[in-house]
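Enquirer: What follows is a single structure, and I will ask about it in a moment.
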Amino acid sequence: MMYLDMDDLVTSSIIAFLTASIVFILSIKVFRSFFNGNVADKSLSSHIWVEKPTYIVSDPNACVVCETLTHGSKVRYCDSCRIFVDLGCIKKADKQICCKMLSTNRPLKEFTHHWNKSLSVDVMCSVCSSDDETDNILGQFFQCIWCQKFVHEKCVIQFEQKCDFGVHRNYIIPPFCIKTSNRFKNVSKQTIEKVVHPGWENWTPLIIFANKKSGNNDGALIISHFRRLLNPIQVYDVIDCPPEKALVWLKNTQLECIYVLVAGGDGTVAGILNGIHNLKLKVDPAVGIIPLGTGNDLSRVLGWGTSYSDLDCSVIFDFLNNVSIIKLDRWKVNIMSNVLKKIKITNTITMYNYLGIGLDAQITLDFHRTRKSPLYLFNSTLFNKMIYVGCGTQQFLEHQCQGLPDMIELYMDGRKITLPDIESIVIVNIESWGAGVNLWQLGADDGNEFGSQFIDDGKLEVLGVRSSIHIAQLKIGIAKPIRIGQASMIRVKLLQKLPVQIDGEPWLQPKCEIVLQRTNQATVLKLSNII
């Protein structure tokens with residue numbers, strides 16, 4: 001039997017410990033170099049391959065990997081970095097060409113250009129300013145996917161290495177300012193965890209929410225455009241990522257001014273405003289609108305227009321230079337029903353635009369039912385308006401809401417109101433109803449019995465509509481509504497089941513009490529001048 005000397009035992013233990021420590025440290029360094037180097041950055045900047053967007057009309061397109069011309073269904077386009085590849089080169093592009101980094105998760109003193117080969121021909125070099133057609137050959141240009149500048153391949157070394165993020169830098173959240181969640185998961189599931197200020201003057205980070213199904217499905221094009229112009233992590237599809245998830249980082253931020261643009265209809269805008277309200281932030285971001293819906297009443301009031309059809313989203317940045325931050329009253333609508341012989345709140349809905357009971361809600365309900373039917377073949381604004389006219393004509397023939405004063409009781413600031421012969425009650429918060437009708441202003445010439453209408457005065461305006469013919473006359477401005485009054489608290493008793501709509505969302509409501517009270521105010525962007 002062999003016995004080890006105590007000194008030898010200690011020495012061998014120390015050597016074993018040091019060996020294990022060295023192996024451990026080297027393993028950590030290798031692990032970190034693997035995940036924090038180019039591979040990690042690439043995991044956060046995977047390409048988002050889609051079919052070629054309709055706003056890109058050029059065909060065929062040259063693949064940036066093999067430089068062969070491709071066309072039709074064989075082309076794939078990256079939403080973030082604007083490169084084309086053919087189907088056979090997608091795997092090579094994923095390995096060889098890095099897309100936009102969402103986040104570096106480490107500070108950078110200087111952010112250098114991210115050059116990708118560009119096979120565009122109608123561009124100008126930012127160094128030599130040459131646009132000679134003889135210079136515009138395949139592979140001749142590189143484009144920075146952040147500042148969008150083009151440079152000849154031979155001029156890259158002459159161009160300043162530091163990237164200034166281009167003309168839209170005041171709205172871009174640079175990668176070195178972002179800490180992301182779900183670091184090693186799919187890019188589409190990435191959300192912002194923390195944002196720090198880059199130190200730029202007049203920096204106002206911009207977040208985009210779009211509903212792909214709004215309007216003529218233009219929401220998908222809006223998402224594609226802004227992914228290219230901003231950091232892709234600033235752009236969200238509301239169906240996949242609600243505002244409560246995408247904007248949770250605002251709870252811990254020190255940023256004073258943040259803009260949110262919502263591409264969609266009134267329902268989408270209301271959903272984003274509700275999501276922001278649910279976050280209970282110290283300072284709410286200011287919300288603007290890219291109108292893609294059918295009515296777009298709030299968009300009209302805030303100056304963003306009736307619809308958006310411009311193929312170049314860059315003009316929206318010009319709009320943001322002409323906005324002011326204002327407040328919009330937010331109203332809580334409590335629906336109280338008899339449950340086990342006790343009156344209880346069975347539903348609470350937030351209202352921003354208007355509430356309708358009776359005829360206008362029935363027409364909207366018929367319209368929504370038609371859109372959900374198998375016969376709804378075309379998703380277009382014009383087709384939707386034609387359907388709406390058809391629903392109004394149906395109600396002209398059926399008169400389902402005739403005799404409405406016998407079906408409801410109206411109380412304004414605690415006082416019961418005697419109603420005239422009407423088929424609909426409309427309670428409005430803004431100066432637009434039914435796709436652009438300023439109801440309260442239409443009745444203003446009758447006298448000064450009531451005050452003016454404002455979106456931030458804590459009052460609602462109540463009006464009556466006689467029939468579907470009356471609605472048609474109101475829409476073309478040849479009739480006036482019945483002005484019932486203004487109030488800060490409104491209560492409506494439904495004595496039987498009736499159609500109700502809030503901000504364009506209709507349903508059939510059994511008998512109940514509906515109580516409207518202001519809860520607080522939303523922060524919105526009003527566009528002063530359309531350029």
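Naming scheme: A, B, ... for chains in displayed order of the structure tokens; residues 1 onward per chain; ligands 1 onward as shown.
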Would you give me, as number ranges by chain, the residues in segment 246-475 of chain A that DSSP reads as helix (DSSP H, G or I)?

Expert: A: 246, 248-252, 266-279, 297-301, 314-320, 359-371, 381-398, 404-406, 439-442, 444-446, 468-475

Enquirer: Applying 12 Å and only C-alpha atoms, which residues near segment 404-412 of chain A remain after dropping the ones on its own chain fewer than 3 positions away? List them as a PyMOL selection string.

Expert: chain A and resi 357-359+399-401+415-427+459-467+484-499+510-517

Enquirer: So that I can see what lies close to segment 305-308 of chain A, please list as JSON, numbers by chain the residues with an atom at most 7 Å from it, counting only C-alpha atoms and leaving out residues fewer than 3 positions away in the same chain.

Expert: {"A": [290, 291, 292, 296, 299, 300]}

Enquirer: Go ahead and write the residues just picked, N, CA, C and O atoms, as a short mmCIF file (atom, residue, chain, number, x, y, z; two decimals), in the first residue's frame.

Expert:
data_model
loop_
_atom_site.label_atom_id
_atom_site.label_comp_id
_atom_site.auth_asym_id
_atom_site.auth_seq_id
_atom_site.Cartn_x
_atom_site.Cartn_y
_atom_site.Cartn_z
N ILE A 290 -52.33 56.92 -38.39
CA ILE A 290 -52.25 56.72 -39.84
C ILE A 290 -53.56 56.06 -40.23
O ILE A 290 -53.74 54.86 -40.01
N PRO A 291 -54.52 56.80 -40.78
CA PRO A 291 -55.89 56.27 -40.97
C PRO A 291 -55.98 55.21 -42.05
O PRO A 291 -55.67 55.45 -43.21
N LEU A 292 -56.41 54.00 -41.65
CA LEU A 292 -56.57 52.90 -42.59
C LEU A 292 -57.97 52.30 -42.54
O LEU A 292 -58.26 51.38 -43.29
N ASN A 296 -62.74 56.46 -39.62
CA ASN A 296 -61.60 57.30 -39.23
C ASN A 296 -62.04 58.65 -38.65
O ASN A 296 -61.48 59.70 -38.98
N SER A 299 -59.33 60.34 -36.42
CA SER A 299 -58.25 60.81 -37.29
C SER A 299 -58.62 62.13 -37.95
O SER A 299 -57.79 63.04 -38.08
N ARG A 300 -59.86 62.27 -38.37
CA ARG A 300 -60.32 63.51 -38.99
C ARG A 300 -60.23 64.67 -38.00
O ARG A 300 -59.78 65.77 -38.34
#

Enquirer: How many Å separate atom CA of Thr519 of chain A from atom CA of Asp329 of chain A?

Expert: 8.0 Å

Enquirer: I'd like to know which of A:Gly275, A:Pro205, A:Gly303, A:Gly436 is closest to Tyr171 of chain A, using only C-alpha atoms.

Expert: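 That would be A:Pro205, the residue with the smallest distance to Tyr171 of chain A.
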